[in-house]
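Shown next: input_27.tsv, given as TSV, C-alpha atoms.
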chain	number	residue	atom	x	y	z
U	20	MET	CA	-16.80	-23.66	-42.51
U	21	LEU	CA	-18.86	-24.35	-39.38
U	22	LYS	CA	-17.56	-22.99	-36.11
U	23	LYS	CA	-16.17	-25.53	-33.67
U	24	ARG	CA	-18.01	-26.41	-30.46
U	25	LEU	CA	-17.10	-27.11	-26.86
U	26	ILE	CA	-19.44	-29.57	-25.16
U	27	VAL	CA	-19.78	-30.34	-21.46
U	28	VAL	CA	-20.91	-33.85	-20.54
U	29	LEU	CA	-22.74	-34.87	-17.37
U	30	ILE	CA	-22.61	-38.60	-16.65
U	31	LEU	CA	-25.45	-39.64	-14.36
U	32	ARG	CA	-26.06	-42.84	-12.45
U	33	ASP	CA	-29.26	-43.06	-10.44
U	34	GLY	CA	-29.69	-39.30	-10.75
U	35	LYS	CA	-26.23	-38.36	-9.44
U	36	VAL	CA	-23.28	-36.94	-11.38
U	37	ILE	CA	-20.35	-39.35	-11.32
U	38	GLN	CA	-16.80	-39.68	-12.58
U	39	SER	CA	-16.01	-42.20	-15.28
U	40	VAL	CA	-12.66	-43.98	-15.74
U	41	ARG	CA	-12.54	-46.40	-18.66
U	42	PHE	CA	-16.30	-46.72	-18.23
U	43	LYS	CA	-15.95	-47.76	-14.60
U	44	HIS	CA	-18.08	-45.33	-12.66
U	45	THR	CA	-16.25	-44.24	-9.55
U	46	ASN	CA	-17.11	-41.53	-7.04
U	47	VAL	CA	-20.14	-39.31	-6.98
U	48	ILE	CA	-19.19	-35.71	-7.86
U	49	HIS	CA	-22.54	-34.02	-7.36
U	50	TRP	CA	-25.59	-35.34	-5.56
U	51	ASN	CA	-27.69	-32.69	-7.29
U	52	PRO	CA	-26.95	-32.36	-11.04
U	53	SER	CA	-28.38	-28.84	-11.09
U	54	ILE	CA	-25.49	-27.74	-8.87
U	55	ALA	CA	-23.02	-28.98	-11.48
U	56	VAL	CA	-24.12	-26.43	-14.03
U	57	GLU	CA	-22.92	-23.63	-11.76
U	58	PHE	CA	-19.36	-24.55	-12.76
U	59	PHE	CA	-19.98	-23.87	-16.45
U	60	ASP	CA	-19.66	-20.08	-16.20
U	61	LYS	CA	-23.13	-19.09	-17.34
U	62	TRP	CA	-23.17	-21.66	-20.14
U	63	ALA	CA	-19.90	-20.71	-21.83
U	64	ALA	CA	-20.12	-24.24	-23.20
U	65	ASP	CA	-21.85	-24.51	-26.57
U	66	GLU	CA	-23.85	-27.62	-25.74
U	67	ILE	CA	-24.59	-29.94	-22.83
U	68	VAL	CA	-24.80	-33.73	-23.08
U	69	VAL	CA	-26.46	-35.71	-20.29
U	70	LEU	CA	-25.88	-39.47	-20.26
U	71	ASP	CA	-27.76	-41.92	-18.06
U	72	VAL	CA	-25.44	-44.84	-17.28
U	73	SER	CA	-27.66	-46.39	-14.61
U	74	ARG	CA	-27.52	-50.19	-14.62
U	75	ASN	CA	-31.27	-50.45	-15.09
U	76	LYS	CA	-34.33	-48.25	-15.63
U	77	ASN	CA	-35.60	-48.45	-12.05
U	78	ASN	CA	-34.71	-44.82	-11.42
U	79	ARG	CA	-35.72	-43.54	-14.84
U	80	LYS	CA	-38.32	-41.25	-13.30
U	81	LEU	CA	-35.54	-39.54	-11.35
U	82	PHE	CA	-33.57	-39.09	-14.58
U	83	TYR	CA	-36.59	-37.51	-16.25
U	84	GLU	CA	-36.77	-35.03	-13.38
U	85	VAL	CA	-33.10	-34.17	-13.85
U	86	VAL	CA	-33.57	-33.59	-17.59
U	87	SER	CA	-36.60	-31.40	-16.95
U	88	ASN	CA	-34.79	-29.33	-14.33
U	89	LEU	CA	-31.65	-28.92	-16.44
U	90	SER	CA	-33.64	-27.89	-19.51
U	91	LYS	CA	-35.14	-25.02	-17.53
U	92	LYS	CA	-31.66	-23.72	-16.68
U	93	CYS	CA	-30.04	-24.58	-19.98
U	94	PHE	CA	-29.77	-21.91	-22.68
U	95	VAL	CA	-27.71	-24.05	-25.05
U	96	PRO	CA	-28.69	-27.24	-26.93
U	97	LEU	CA	-29.23	-30.21	-24.62
U	98	THR	CA	-28.57	-33.77	-25.79
U	99	VAL	CA	-29.87	-36.69	-23.73
U	100	GLY	CA	-28.57	-40.26	-23.99
U	101	GLY	CA	-28.77	-43.57	-22.17
U	102	TRP	CA	-31.66	-46.03	-22.39
U	103	ILE	CA	-32.98	-44.40	-25.57
U	104	ASP	CA	-34.69	-47.28	-27.36
U	105	GLY	CA	-37.10	-45.82	-29.88
U	106	VAL	CA	-39.63	-43.20	-30.89
U	107	GLU	CA	-41.65	-43.07	-27.66
U	108	GLU	CA	-38.64	-42.69	-25.39
U	109	THR	CA	-37.25	-40.02	-27.70
U	110	ARG	CA	-40.55	-38.15	-27.68
U	111	LYS	CA	-40.56	-38.34	-23.88
U	112	VAL	CA	-37.17	-36.69	-23.37
U	113	LEU	CA	-37.80	-34.09	-26.08
U	114	ARG	CA	-41.00	-33.08	-24.32
U	115	LEU	CA	-38.98	-32.73	-21.13
U	116	GLY	CA	-36.76	-30.18	-22.86
U	117	ALA	CA	-34.02	-32.09	-24.70
U	118	ASP	CA	-33.05	-30.82	-28.16
U	119	LYS	CA	-31.34	-34.01	-29.35
U	120	ILE	CA	-31.00	-37.63	-28.30
U	121	ALA	CA	-27.95	-39.89	-28.32
U	122	ILE	CA	-28.55	-43.54	-29.14
U	123	ASN	CA	-25.99	-46.31	-28.83
U	124	THR	CA	-26.70	-49.96	-28.03
U	125	LYS	CA	-30.17	-50.10	-29.59
U	126	ALA	CA	-28.81	-48.55	-32.79
U	127	VAL	CA	-26.21	-51.29	-33.14
U	128	ILE	CA	-28.74	-54.03	-32.43
U	129	ASN	CA	-31.28	-52.55	-34.85
U	130	PRO	CA	-29.89	-49.83	-37.17
U	131	GLU	CA	-33.39	-49.23	-38.53
U	132	ILE	CA	-34.09	-47.33	-35.31
U	133	ILE	CA	-31.79	-44.56	-36.58
U	134	SER	CA	-33.88	-44.23	-39.75
U	135	GLN	CA	-37.13	-44.27	-37.79
U	136	LEU	CA	-35.97	-41.54	-35.42
U	137	ALA	CA	-34.57	-39.42	-38.27
U	138	GLU	CA	-37.84	-39.72	-40.18
U	139	VAL	CA	-39.96	-38.69	-37.20
U	140	PHE	CA	-37.75	-36.07	-35.56
U	141	GLY	CA	-35.22	-35.12	-38.24
U	142	SER	CA	-31.56	-36.10	-38.61
U	143	GLN	CA	-30.47	-33.03	-36.70
U	144	CYS	CA	-32.05	-34.58	-33.60
U	145	VAL	CA	-30.31	-37.96	-33.87
U	146	VAL	CA	-26.80	-38.41	-32.46
U	147	VAL	CA	-25.30	-41.88	-32.71
U	148	SER	CA	-22.95	-42.55	-29.82
U	149	VAL	CA	-20.07	-44.88	-30.71
U	150	ASP	CA	-17.99	-46.43	-27.91
U	151	VAL	CA	-14.66	-47.80	-29.11
U	152	LYS	CA	-11.67	-49.60	-27.68
U	153	LYS	CA	-8.83	-51.67	-29.04
U	154	HIS	CA	-9.14	-55.45	-29.14
U	155	ASP	CA	-6.21	-57.49	-30.44
U	156	GLY	CA	-4.69	-54.30	-31.81
U	157	GLU	CA	-7.77	-53.27	-33.79
U	158	TYR	CA	-10.42	-50.69	-33.01
U	159	GLU	CA	-13.79	-52.23	-32.22
U	160	VAL	CA	-17.24	-50.89	-31.33
U	161	TYR	CA	-18.57	-51.90	-27.89
U	162	ILE	CA	-22.13	-51.66	-26.56
U	163	ASN	CA	-23.97	-52.05	-23.24
U	164	ARG	CA	-21.92	-49.37	-21.49
U	165	GLY	CA	-18.67	-50.63	-22.97
U	166	SER	CA	-19.03	-54.21	-21.75
U	167	GLU	CA	-19.88	-56.09	-24.94
U	168	PRO	CA	-17.76	-56.28	-28.10
U	169	THR	CA	-19.64	-56.22	-31.39
U	170	GLY	CA	-17.02	-57.13	-33.96
U	171	LEU	CA	-17.86	-53.88	-35.78
U	172	SER	CA	-15.27	-51.51	-37.16
U	173	PRO	CA	-15.99	-47.98	-35.87
U	174	PHE	CA	-15.24	-46.59	-39.32
U	175	ASN	CA	-17.72	-48.84	-41.11
U	176	TRP	CA	-20.30	-48.39	-38.35
U	177	ALA	CA	-20.01	-44.60	-38.53
U	178	LYS	CA	-20.61	-44.76	-42.27
U	179	LYS	CA	-23.66	-46.96	-41.78
U	180	ALA	CA	-25.03	-44.68	-39.07
U	181	GLN	CA	-24.69	-41.71	-41.39
U	182	LYS	CA	-26.40	-43.55	-44.22
U	183	SER	CA	-29.21	-44.54	-41.87
U	184	GLY	CA	-29.91	-40.91	-41.02
U	185	ALA	CA	-27.70	-39.92	-38.08
U	186	GLY	CA	-26.98	-36.21	-37.85
U	187	GLU	CA	-23.85	-36.51	-35.71
U	188	ILE	CA	-21.43	-39.06	-34.30
U	189	PHE	CA	-20.50	-38.90	-30.62
U	190	LEU	CA	-17.19	-40.80	-30.53
U	191	ASN	CA	-16.04	-42.05	-27.13
U	192	CYS	CA	-12.71	-43.85	-26.73
U	193	ILE	CA	-13.10	-46.25	-23.80
U	194	ASP	CA	-9.34	-46.73	-23.41
U	195	ARG	CA	-8.87	-42.98	-22.93
U	196	ASP	CA	-11.94	-42.37	-20.75
U	197	GLY	CA	-10.69	-40.74	-17.54
U	198	ALA	CA	-7.09	-41.64	-18.43
U	199	ARG	CA	-5.98	-37.99	-18.77
U	200	GLU	CA	-3.94	-38.76	-21.89
U	201	GLY	CA	-5.91	-36.76	-24.43
U	202	PHE	CA	-8.02	-38.03	-27.30
U	203	ASP	CA	-6.99	-41.02	-29.40
U	204	LEU	CA	-6.18	-38.80	-32.37
U	205	ASP	CA	-5.61	-41.66	-34.80
U	206	LEU	CA	-9.04	-43.12	-34.07
U	207	LEU	CA	-10.62	-39.68	-34.20
U	208	ARG	CA	-9.10	-38.69	-37.54
U	209	LYS	CA	-10.08	-41.95	-39.20
U	210	VAL	CA	-13.70	-41.68	-38.04
U	211	VAL	CA	-13.88	-38.05	-39.19
U	212	GLU	CA	-12.52	-39.07	-42.59
U	213	SER	CA	-15.10	-41.87	-42.82
U	214	VAL	CA	-18.16	-39.62	-42.68
U	215	GLU	CA	-19.48	-36.27	-43.81
U	216	ILE	CA	-21.56	-35.52	-40.71
U	217	PRO	CA	-20.07	-33.79	-37.63
U	218	VAL	CA	-18.02	-35.88	-35.22
U	219	ILE	CA	-17.83	-35.04	-31.50
U	220	ALA	CA	-14.68	-36.28	-29.73
U	221	MET	CA	-14.90	-37.60	-26.18
U	222	GLY	CA	-12.55	-39.39	-23.81
U	223	GLY	CA	-9.22	-38.43	-22.24
U	224	VAL	CA	-9.25	-34.66	-21.79
U	225	PHE	CA	-7.07	-33.39	-18.95
U	226	THR	CA	-5.63	-30.14	-20.34
U	227	TRP	CA	-6.99	-27.40	-22.58
U	228	GLN	CA	-4.32	-28.39	-25.13
U	229	HIS	CA	-6.03	-31.76	-25.46
U	230	LEU	CA	-9.15	-29.91	-26.65
U	231	VAL	CA	-7.09	-27.96	-29.19
U	232	ASP	CA	-5.45	-31.15	-30.44
U	233	GLY	CA	-8.85	-32.77	-30.91
U	234	ILE	CA	-9.86	-29.99	-33.29
U	235	ILE	CA	-6.60	-29.30	-35.09
U	236	LYS	CA	-4.97	-32.74	-35.17
U	237	GLY	CA	-8.02	-34.94	-34.83
U	238	LYS	CA	-10.17	-32.84	-37.20
U	239	ALA	CA	-13.19	-33.10	-34.88
U	240	ASP	CA	-16.12	-30.76	-35.36
U	241	ALA	CA	-16.62	-30.56	-31.61
U	242	VAL	CA	-14.77	-31.64	-28.47
U	243	ALA	CA	-16.42	-32.88	-25.30
U	244	ALA	CA	-15.29	-33.61	-21.77
U	245	ALA	CA	-16.85	-34.58	-18.46
U	246	ASN	CA	-14.54	-35.08	-15.49
U	247	ILE	CA	-12.36	-32.00	-16.05
U	248	PHE	CA	-15.27	-29.56	-15.89
U	249	HIS	CA	-16.39	-30.59	-12.43
U	250	TYR	CA	-13.75	-28.49	-10.71
U	251	THR	CA	-14.08	-24.74	-10.38
U	252	GLU	CA	-10.62	-23.98	-11.74
U	253	HIS	CA	-11.47	-25.91	-14.90
U	254	SER	CA	-14.21	-23.77	-16.38
U	255	ALA	CA	-15.77	-23.97	-19.81
U	256	LYS	CA	-15.08	-20.26	-20.25
U	257	LYS	CA	-11.33	-20.69	-19.71
U	258	ALA	CA	-11.30	-23.65	-22.08
U	259	LYS	CA	-12.94	-21.66	-24.88
U	260	GLU	CA	-10.58	-18.73	-24.37
U	261	PHE	CA	-7.60	-21.08	-24.67
U	262	MET	CA	-9.01	-22.62	-27.85
U	263	LYS	CA	-9.63	-19.22	-29.42
U	264	GLN	CA	-6.07	-18.16	-28.60
U	265	ALA	CA	-4.90	-21.28	-30.45
U	266	GLY	CA	-6.60	-19.94	-33.57
U	267	ILE	CA	-9.74	-22.09	-33.48
U	268	ASP	CA	-12.91	-20.43	-34.75
U	269	MET	CA	-15.24	-21.24	-31.87
U	270	ARG	CA	-19.00	-20.81	-31.79
As structure tokens, what does this structure read like?
Amino acid sequence: MLKKRLIVVLILRDGKVIQSVRFKHTNVIHWNPSIAVEFFDKWAADEIVVLDVSRNKNNRKLFYEVVSNLSKKCFVPLTVGGWIDGVEETRKVLRLGADKIAINTKAVINPEIISQLAEVFGSQCVVVSVDVKKHDGEYEVYINRGSEPTGLSPFNWAKKAQKSGAGEIFLNCIDRDGAREGFDLDLLRKVVESVEIPVIAMGGVFTWQHLVDGIIKGKADAVAAANIFHYTEHSAKKAKEFMKQAGIDMR
């Protein structure tokens, strides 16, 4: 059985690290993203995910600089997402030091992109990010930074993404994002049961127990969080120690 992973997420808008609450991007946490990594206790996290949620690509050059700078400091796998729209953009961020890319909106619009990226770079490089919230009591996939409903079931979409060549699913529950209520374990379990590839849980972490629940109750292969790790008392090292004490076989 593969060891479980703890993943730290940096959400960037116009090159600055921000907080996210139900996909509404509130205050700036760090003006310089490189400073943020100092809180991760010498990379006790197993992976880093950097997401560009800028409203447009006007500051993309700044984002590239951030990715390049982080990759030089980063000794764990680095996944880059946001505005990934095909082979050339993927090649660009990989050359800057990313190990994997996360693709969301473009994958829903044209699922063939997943196959193209998997063929060129390998499935292990392709993470399909799935943003979900409830609509009329049912789980539904949303795109364009959580603003546009698609009518897609997250369970069926996860299956299709896997079939198309995705190596992992990055599952983000919009309703739980920044809500401090823990993962939506029902949603998480059902997505995990729908696919054979690893599922990363994101959205809602406020305590270390939430991370444990995501692995044990939600059956996730990895758990991720953003907001909670931007405070010195909430270190990745402490989180991993808590998870190990709960009996989880961590990487």
Contacts between range 24-34 of chain U and range 206-245 of chain U, please, where a residue of range 206-245 of chain U counts if it comes within 10 Å (with all atoms listed in the file); show its shortest atom pair and distance in Å to one decimal, rows by chain and ascending number, as JSON lines.
{"residue": "U:Ile219", "atom": "CA", "partner": "U:Ile26", "partner_atom": "CA", "distance": 8.5}
{"residue": "U:Ala220", "atom": "CA", "partner": "U:Ile26", "partner_atom": "CA", "distance": 9.4}
{"residue": "U:Met221", "atom": "CA", "partner": "U:Val28", "partner_atom": "CA", "distance": 9.1}
{"residue": "U:Leu230", "atom": "CA", "partner": "U:Leu25", "partner_atom": "CA", "distance": 8.4}
{"residue": "U:Ile234", "atom": "CA", "partner": "U:Arg24", "partner_atom": "CA", "distance": 9.3}
{"residue": "U:Ala239", "atom": "CA", "partner": "U:Arg24", "partner_atom": "CA", "distance": 9.4}
{"residue": "U:Asp240", "atom": "CA", "partner": "U:Arg24", "partner_atom": "CA", "distance": 6.8}
{"residue": "U:Ala241", "atom": "CA", "partner": "U:Arg24", "partner_atom": "CA", "distance": 4.5}
{"residue": "U:Val242", "atom": "CA", "partner": "U:Leu25", "partner_atom": "CA", "distance": 5.3}
{"residue": "U:Ala243", "atom": "CA", "partner": "U:Ile26", "partner_atom": "CA", "distance": 4.5}
{"residue": "U:Ala244", "atom": "CA", "partner": "U:Val27", "partner_atom": "CA", "distance": 5.6}
{"residue": "U:Ala245", "atom": "CA", "partner": "U:Val28", "partner_atom": "CA", "distance": 4.6}
Take the residues from that selection and put them in a file with C-alpha atoms, as a compact mmCIF listing (two decimals), in the frame of the given file.
# COMPACT_ATOMS: atom_id res chain seq x y z
CA ILE U 219 -17.83 -35.04 -31.50
CA ALA U 220 -14.68 -36.28 -29.73
CA MET U 221 -14.90 -37.60 -26.18
CA LEU U 230 -9.15 -29.91 -26.65
CA ILE U 234 -9.86 -29.99 -33.29
CA ALA U 239 -13.19 -33.10 -34.88
CA ASP U 240 -16.12 -30.76 -35.36
CA ALA U 241 -16.62 -30.56 -31.61
CA VAL U 242 -14.77 -31.64 -28.47
CA ALA U 243 -16.42 -32.88 -25.30
CA ALA U 244 -15.29 -33.61 -21.77
CA ALA U 245 -16.85 -34.58 -18.46
Identify, on the basis of all atoms listed in the file, every residue whose closest approach to range 264-270 of chain U does not exceed 9 Å; exclude the query and any residue fewer than 5 positions from it along the same chain; express the result as number ranges by chain.
U: 21-25, 65, 228, 231, 234-235, 259
Calculated over only C-alpha atoms, which of the candidates U:Asn78, U:Ser213, U:Thr169, U:Gln143 has the smallest distance to Ile128 in chain U?
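Looking at the shortest contact to Ile128 in chain U, the residue is U:Thr169.
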Residue with smallest distance to Ala126 in chain U - pool U:Asn246, U:Ser148, U:Thr226, U:Ser254, counting all atoms listed in the file:
U:Ser148
Among the residues U:Phe189, U:Phe248, U:Trp102, U:Trp227, the one that comes closest to Glu260 in chain U [using only C-alpha atoms]:
U:Trp227
Ile120 in chain U surroundings by only C-alpha atoms, 7 Å radius, close-in-sequence under 3 positions cut, as a list in words:
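After dropping sequence-adjacent residues, the list is Thr98, Val99, Gly100, Thr109, Cys144, Val145 and Val146 of chain U.
Residue nearest Arg110 in chain U within the list U:Phe140, U:Gly201, U:Leu206, U:Pro168: U:Phe140 [criterion: smallest interatomic distance, all atoms listed in the file].
Of the residues listed (U:Leu115, U:Val85, U:Val211, U:Leu136), U:Val211 shows the shortest atom-to-atom separation from Pro173 in chain U; distances use all atoms listed in the file.
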Interatomic distance, CA of Gly197 in chain U to CA of Phe94 in chain U (Å, one decimal):
27.3 Å
Rank nothing, just name the residue among U:Asn129, U:Lys35, U:Val214, U:Thr124 nearest to Glu84 in chain U, using all atoms listed in the file.
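Among the listed residues, U:Lys35 lies closest to Glu84 in chain U.
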Expressed in Å, the length from CA of Arg195 in chain U to CA of Val68 in chain U is 18.4 Å
By how many Å are CA of Gln135 in chain U and CA of Val106 in chain U apart?
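That distance, rounded to one decimal, is 7.4 Å.
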